[in-house]
file final-v5.txt (compact mmCIF, C-alpha atoms)
# COMPACT_ATOMS: atom_id res chain seq x y z
CA MET E 411 230.83 244.77 91.32
CA GLY E 412 232.49 241.55 90.08
CA ALA E 413 233.10 240.28 86.59
CA LYS E 414 231.47 237.39 84.72
CA LYS E 415 233.52 234.28 85.13
CA SER E 416 233.79 231.61 82.47
CA GLY E 417 235.26 228.13 82.49
CA VAL E 418 233.74 227.09 85.81
CA PRO E 419 232.20 223.59 85.58
CA ALA E 420 228.40 223.57 85.65
CA PRO E 421 228.12 221.30 88.73
CA VAL E 422 230.26 223.74 90.72
CA ILE E 423 228.11 226.67 89.58
CA ALA E 424 225.01 224.75 90.63
CA VAL E 425 226.40 224.23 94.15
CA VAL E 426 227.47 227.88 94.43
CA LYS E 427 224.07 229.13 93.28
CA ALA E 428 222.24 226.85 95.73
CA TRP E 429 224.47 228.19 98.51
CA ALA E 430 223.79 231.79 97.51
CA ARG E 431 220.03 231.18 97.35
CA ALA E 432 219.85 229.42 100.72
CA PRO E 433 218.53 231.35 103.70
CA HIS E 434 221.45 232.77 105.64
CA ASP E 435 221.36 230.28 108.50
CA ASP E 436 221.20 227.29 106.13
CA GLY E 437 223.97 228.40 103.76
CA CYS E 438 226.74 226.26 105.24
CA ALA E 439 224.56 223.15 105.41
CA VAL E 440 223.57 223.59 101.75
CA LEU E 441 227.22 224.13 100.78
CA LYS E 442 228.34 221.03 102.67
CA THR E 443 225.66 218.87 101.03
CA GLY E 444 226.61 220.23 97.62
CA ARG E 445 230.31 219.70 98.23
CA MET E 446 229.79 216.10 99.32
CA ALA E 447 227.72 215.35 96.24
CA LEU E 448 230.35 216.85 93.96
CA GLU E 449 232.94 214.81 92.07
CA PRO E 450 236.15 214.89 94.18
CA LEU E 451 238.15 216.49 91.37
CA LEU E 452 235.75 219.45 91.35
CA VAL E 453 235.97 220.17 95.08
CA PRO E 454 239.15 222.32 94.82
CA VAL E 455 237.39 224.37 92.12
CA LEU E 456 234.42 224.86 94.44
CA ILE E 457 236.73 225.92 97.28
CA ASP E 458 238.43 228.54 95.09
CA GLU E 459 235.08 229.84 93.88
CA VAL E 460 233.69 230.14 97.40
CA ALA E 461 236.90 231.86 98.56
CA GLU E 462 236.66 234.50 95.83
CA ILE E 463 232.93 235.04 96.38
CA THR E 464 233.36 235.29 100.15
CA ALA E 465 236.15 237.82 99.67
CA GLU E 466 233.98 239.87 97.33
CA GLN E 467 231.09 239.55 99.79
CA LEU E 468 233.06 241.44 102.44
CA LEU E 469 234.09 244.14 99.98
CA ILE E 470 230.47 244.61 98.87
CA ALA E 471 229.26 244.65 102.47
CA LEU E 472 231.82 247.31 103.42
CA ASP E 473 230.69 249.45 100.51
CA MET E 474 226.98 249.14 101.36
CA PRO E 475 225.16 252.35 102.35
CA GLN E 476 225.44 253.26 105.98
CA ALA E 477 223.32 255.12 108.46
CA PRO E 478 224.72 258.60 109.15
CA ALA E 479 227.30 258.48 111.91
CA ALA E 480 226.55 260.21 115.17
CA PRO E 481 228.95 263.07 115.99
CA ASP E 482 230.37 261.11 118.95
CA GLU E 483 230.63 257.77 117.13
CA LYS E 484 233.91 256.01 117.82
CA PRO E 485 235.70 254.50 114.82
CA VAL E 486 236.45 250.78 114.91
CA PRO E 487 240.17 250.05 114.40
CA PHE E 488 240.77 247.08 112.13
CA LEU E 489 243.94 246.10 110.28
CA GLY E 490 245.32 249.57 110.90
CA LEU E 491 242.22 251.21 109.41
CA GLU E 492 239.30 253.02 110.95
CA LEU E 493 235.96 251.45 110.15
CA SER E 494 232.60 252.94 111.03
CA GLN E 495 230.56 251.13 113.66
CA GLN E 496 228.35 249.63 110.96
CA GLN E 497 231.33 248.49 108.89
CA GLY E 498 232.84 247.00 112.05
CA GLN E 499 229.65 245.05 112.74
CA ARG E 500 229.57 243.72 109.19
CA THR E 501 233.22 242.70 109.37
CA VAL E 502 232.78 240.85 112.65
CA ALA E 503 229.64 239.07 111.37
CA TRP E 504 231.63 238.08 108.28
CA LEU E 505 234.56 236.83 110.35
CA GLU E 506 232.25 234.85 112.58
CA GLU E 507 230.88 232.99 109.56
CA GLN E 508 234.28 231.79 108.40
CA ALA E 509 234.80 228.88 110.78
CA ALA E 510 231.52 227.25 109.72
CA LEU E 511 232.19 228.01 106.07
CA GLY E 512 235.62 226.34 106.18
CA GLU E 513 234.08 223.35 107.90
CA ALA E 514 231.37 223.11 105.24
CA LEU E 515 234.15 222.94 102.65
CA GLY E 516 235.98 220.23 104.59
CA LEU E 517 238.88 222.52 105.54
CA HIS E 518 240.56 223.29 108.81
CA ALA E 519 240.45 226.94 109.86
CA GLU E 520 244.05 227.51 108.90
CA ALA E 521 243.66 226.02 105.43
CA TRP E 522 240.48 228.04 104.85
CA SER E 523 242.23 231.22 105.96
CA LYS E 524 244.96 230.66 103.37
CA LYS E 525 242.38 229.98 100.67
CA LEU E 526 240.51 233.12 101.65
CA GLY E 527 243.68 235.20 101.54
CA ALA E 528 244.33 233.93 98.01
CA GLY E 529 240.67 234.60 97.18
CA PHE E 530 241.08 238.24 98.22
CA GLU E 531 244.18 238.52 96.09
CA ARG E 532 242.43 237.18 92.97
CA THR E 533 239.29 239.23 93.62
CA LEU E 534 241.27 242.46 93.98
CA ALA E 535 243.12 241.69 90.76
CA VAL E 536 239.80 241.21 88.94
CA LEU E 537 238.36 244.37 90.48
CA GLN E 538 241.40 246.49 89.63
CA GLY E 539 240.30 249.79 88.19
CA ARG E 540 236.67 249.30 89.18
CA ALA E 541 234.70 251.43 91.61
CA LEU E 542 235.55 250.23 95.08
CA GLY E 543 235.49 252.26 98.28
CA ASP E 544 238.85 253.16 99.81
CA THR E 545 238.08 251.30 103.03
CA ALA E 546 236.89 248.17 101.20
CA ARG E 547 239.99 248.17 99.02
CA ALA E 548 242.32 248.66 101.99
CA VAL E 549 240.62 245.89 103.99
CA GLY E 550 240.84 243.61 100.93
CA GLN E 551 244.55 244.34 100.61
CA GLY E 552 245.07 243.62 104.29
CA MET E 553 243.20 240.33 103.98
CA ALA E 554 245.13 239.42 100.84
CA GLY E 555 248.32 239.99 102.81
CA ASP E 556 249.08 237.95 105.87
CA ALA E 557 246.26 239.17 108.12
CA LEU E 558 244.15 236.08 107.58
CA ALA E 559 247.04 233.65 107.79
CA ASN E 560 248.00 235.06 111.18
CA ALA E 561 244.43 235.12 112.36
CA ALA E 562 243.83 231.51 111.37
CA ALA E 563 243.96 230.11 114.87
CA GLY E 564 241.40 232.66 115.99
CA PHE E 565 238.91 231.35 113.46
CA GLY E 566 239.19 227.90 114.98
CA GLY E 567 238.66 229.25 118.45
CA ALA E 568 242.11 228.05 119.53
CA VAL E 569 243.28 231.57 120.29
CA ASP E 570 241.31 234.11 122.21
CA PRO E 571 241.38 237.25 120.05
CA ARG E 572 241.62 239.35 123.20
CA LEU E 573 244.89 237.69 124.18
CA SER E 574 246.58 237.52 120.81
CA ASP E 575 248.77 240.19 119.31
CA LYS E 576 248.59 238.65 115.84
CA ALA E 577 247.69 240.90 112.95
CA GLY E 578 244.03 241.55 112.56
CA LEU E 579 243.00 240.17 115.90
CA ARG E 580 243.47 243.38 117.84
CA GLY E 581 241.13 244.96 115.38
CA LEU E 582 238.72 242.10 115.76
CA LEU E 583 238.66 242.65 119.48
CA ALA E 584 238.05 246.35 119.02
CA ALA E 585 235.32 245.64 116.50
CA ARG E 586 233.46 243.65 119.13
CA ASN E 587 233.41 246.59 121.51
CA PHE E 588 230.61 248.44 119.83
CA GLN E 589 228.91 251.40 121.25
CA SER E 590 225.43 250.41 122.27
CA PRO E 591 222.58 251.84 120.16
CA LYS E 592 221.69 254.00 123.18
CA LYS E 593 225.16 255.55 123.28
CA ARG E 594 225.17 256.10 119.52
CA ARG E 595 222.15 258.40 119.69
CA MET Y 38 212.24 232.09 107.91
CA VAL Y 39 214.23 232.66 111.10
CA LYS Y 40 216.01 229.54 112.28
CA PHE Y 41 215.38 228.13 115.74
CA SER Y 42 217.78 229.61 118.26
CA PRO Y 43 217.72 227.72 121.59
CA LEU Y 44 218.91 230.63 123.75
CA ARG Y 45 216.68 233.28 122.17
CA ASP Y 46 213.53 231.19 121.72
CA ILE Y 47 213.60 229.34 125.04
CA SER Y 48 214.32 232.60 126.90
CA ALA Y 49 211.37 234.23 125.15
CA GLY Y 50 209.11 231.32 126.07
CA LEU Y 51 210.19 231.36 129.70
CA ILE Y 52 209.86 235.13 130.02
CA GLY Y 53 206.42 234.98 128.42
CA ALA Y 54 205.33 232.09 130.64
CA MET Y 55 206.65 233.70 133.82
CA SER Y 56 205.17 237.12 133.21
CA GLY Y 57 201.92 235.85 131.74
CA GLY Y 58 201.29 232.56 133.52
CA VAL Y 59 202.10 233.78 136.97
CA GLY Y 60 200.35 237.07 136.28
CA LEU Y 61 203.06 239.10 137.97
CA VAL Y 62 202.63 242.16 135.79
CA GLY Y 63 198.85 242.26 136.21
CA VAL Y 64 198.96 241.70 139.95
CA ALA Y 65 201.64 244.36 140.39
CA ALA Y 66 199.75 246.83 138.21
CA LYS Y 67 196.55 246.33 140.18
CA LYS Y 68 198.34 246.68 143.49
CA PHE Y 69 200.23 249.85 142.63
CA PHE Y 70 197.94 251.69 140.20
CA VAL Y 71 194.33 250.76 140.98
CA ALA Y 72 192.41 251.93 144.02
CA ALA Y 73 188.98 250.69 145.07
CA ASP Y 74 187.20 253.85 143.93
CA ASP Y 75 188.97 254.24 140.55
CA SER Y 76 186.90 254.71 137.42
CA PHE Y 77 186.25 251.97 134.88
CA THR Y 78 188.39 253.83 132.30
CA LYS Y 79 191.41 253.94 134.56
CA ARG Y 80 191.05 250.26 135.50
CA PHE Y 81 190.67 249.38 131.84
CA LEU Y 82 193.78 251.35 130.81
CA VAL Y 83 195.90 249.86 133.60
CA GLY Y 84 194.71 246.38 132.62
CA LEU Y 85 195.45 247.04 128.95
CA THR Y 86 198.96 248.32 129.73
CA ALA Y 87 199.66 245.29 131.94
CA THR Y 88 198.51 242.99 129.15
CA LEU Y 89 200.75 244.69 126.60
CA LEU Y 90 203.72 244.56 128.97
CA THR Y 91 203.11 240.88 129.64
CA GLY Y 92 203.03 240.03 125.95
CA GLY Y 93 205.84 242.45 125.12
CA ALA Y 94 208.19 240.92 127.69
CA ALA Y 95 208.42 237.78 125.56
CA LEU Y 96 209.69 239.90 122.68
CA ILE Y 97 212.74 241.14 124.61
CA PRO Y 98 215.09 238.32 123.45
CA TYR Y 99 214.00 238.92 119.83
CA LEU Y 100 214.64 242.65 120.13
CA LEU Y 101 218.10 241.96 121.54
CA ALA Y 102 218.90 239.58 118.67
CA ALA Y 103 217.49 241.82 115.93
CA PRO Y 104 220.59 243.96 115.13
CA GLY Y 105 222.69 240.82 114.51
CA LEU Y 106 220.01 239.43 112.22
CA ALA Y 107 219.99 242.63 110.17
CA THR Y 108 223.78 242.51 109.73
CA ARG Y 109 223.67 238.85 108.68
CA ALA Y 110 220.92 239.68 106.20
CA GLU Y 111 223.19 242.37 104.70
CA LEU Y 112 225.96 239.81 104.32
CA ALA Y 113 223.57 237.35 102.65
CA GLU Y 114 222.52 240.12 100.27
CA ALA Y 115 226.19 240.86 99.48
CA ARG Y 116 226.89 237.18 98.80
CA HIS Y 117 223.86 236.96 96.55
CA ALA Y 118 225.01 240.04 94.64
CA ALA Y 119 228.52 238.62 94.17
CA VAL Y 120 227.21 235.31 92.82
CA GLY Y 121 224.59 237.03 90.65
CA ALA Y 122 227.25 239.16 88.96
CA ARG Y 123 229.61 236.25 88.52
CA TYR Y 124 227.75 233.67 86.39
call {"tool": "encode", "arguments": {"input": "final-v5.txt", "output": "structure tokens"}}
result
Amino acid sequence: MGAKKSGVPAPVIAVVKAWARAPHDDGCAVLKTGRMALEPLLVPVLIDEVAEITAEQLLIALDMPQAPAAPDEKPVPFLGLELSQQQGQRTVAWLEEQAALGEALGLHAEAWSKKLGAGFERTLAVLQGRALGDTARAVGQGMAGDALANAAAGFGGAVDPRLSDKAGLRGLLAARNFQSPKKRR
Amino acid sequence: MVKFSPLRDISAGLIGAMSGGVGLVGVAAKKFFVAADDSFTKRFLVGLTATLLTGGAALIPYLLAAPGLATRAELAEARHAAVGARY
């Protein structure tokens, strides 16, 4: 989906590749180790790279093939859109990773949210004109807007998504209320 | 390899130990499904079912956690694809 990127320092690429290769549960630990071993001047470059890749990760995940929806499947509202149950699950799993990812990069939740928002913006600019599902593109545009900035406190656990009326969080709440596999049949 | 999860793995161990060690499933199966004059085949099948249920009970926490694992694996695949296309 994405484009080849040039001009990224080799040590940063090495850290990113190690992170991508790591088993899912170890990804953040590998990223943190890599970040700490990196020259301090290269850390901001690493953060920007991880933000763009993480943004693209969600877009790819939303565009992944899905199991056919049951006739009575309820859509999952998120950022004013209607996601399928499977897309909702992927989005929530992605959101749940973000607190640990920000921490691995040495950033507070709020700072990571802003970096991610900027990452979505750059990723969408790079992907302009390329094949991208309507839902993925719309979610990306929402994330590139202020959805993530407003949801920042939720990432840190300071705000209960169920009690907040900030953008994106209502959708996050709804995305957690999945139909059980039994009901989906 | 799946990482150690305290809640899932300890629950599985306890469920397995309780149902297997105490023999609750086997005792209950014998009490409710086996009479003194039952054939060997019936006793064997009841015993086999009880054994499978005993072992299977320990899998319950893993079955409950499985859908989340599949979604996280999809995200890992997406991340891998993004990085692979990038450099």
call {"tool": "interface_residues", "arguments": {"input": "final-v5.txt", "of": "chain Y", "to": "chain E", "cutoff": "9 Å", "atoms": "only C-alpha atoms", "output": "ChimeraX atom specification"}}
result
/Y:38-40,105,108-124
call {"tool": "residues_around", "arguments": {"input": "final-v5.txt", "residues": "Leu515 of chain E", "least_positions_apart": "2", "cutoff": "8 Å", "atoms": "only C-alpha atoms", "output": "mmCIF file with C-alpha atoms, keeping the file's coordinate frame"}}
result
data_model
loop_
_atom_site.group_PDB
_atom_site.id
_atom_site.type_symbol
_atom_site.label_atom_id
_atom_site.label_comp_id
_atom_site.auth_asym_id
_atom_site.auth_seq_id
_atom_site.Cartn_x
_atom_site.Cartn_y
_atom_site.Cartn_z
ATOM 1 C CA LEU E 441 227.220 224.130 100.780
ATOM 2 C CA LYS E 442 228.340 221.030 102.670
ATOM 3 C CA ARG E 445 230.310 219.700 98.230
ATOM 4 C CA ILE E 457 236.730 225.920 97.280
ATOM 5 C CA LEU E 511 232.190 228.010 106.070
ATOM 6 C CA GLY E 512 235.620 226.340 106.180
ATOM 7 C CA GLU E 513 234.080 223.350 107.900
ATOM 8 C CA LEU E 517 238.880 222.520 105.540
#
call {"tool": "residues_near_point", "arguments": {"input": "final-v5.txt", "point": "(202.8, 243.2, 137.8)", "cutoff": "12 Å", "atoms": "all atoms listed in the file", "output": "ChimeraX atom specification"}}
result
/Y:55-71,83-84,86-91,94
call {"tool": "atom_distance", "arguments": {"input": "final-v5.txt", "atom1": "atom CA of Phe530 of chain E", "atom2": "atom CA of Leu542 of chain E"}}
result
13.6 Å
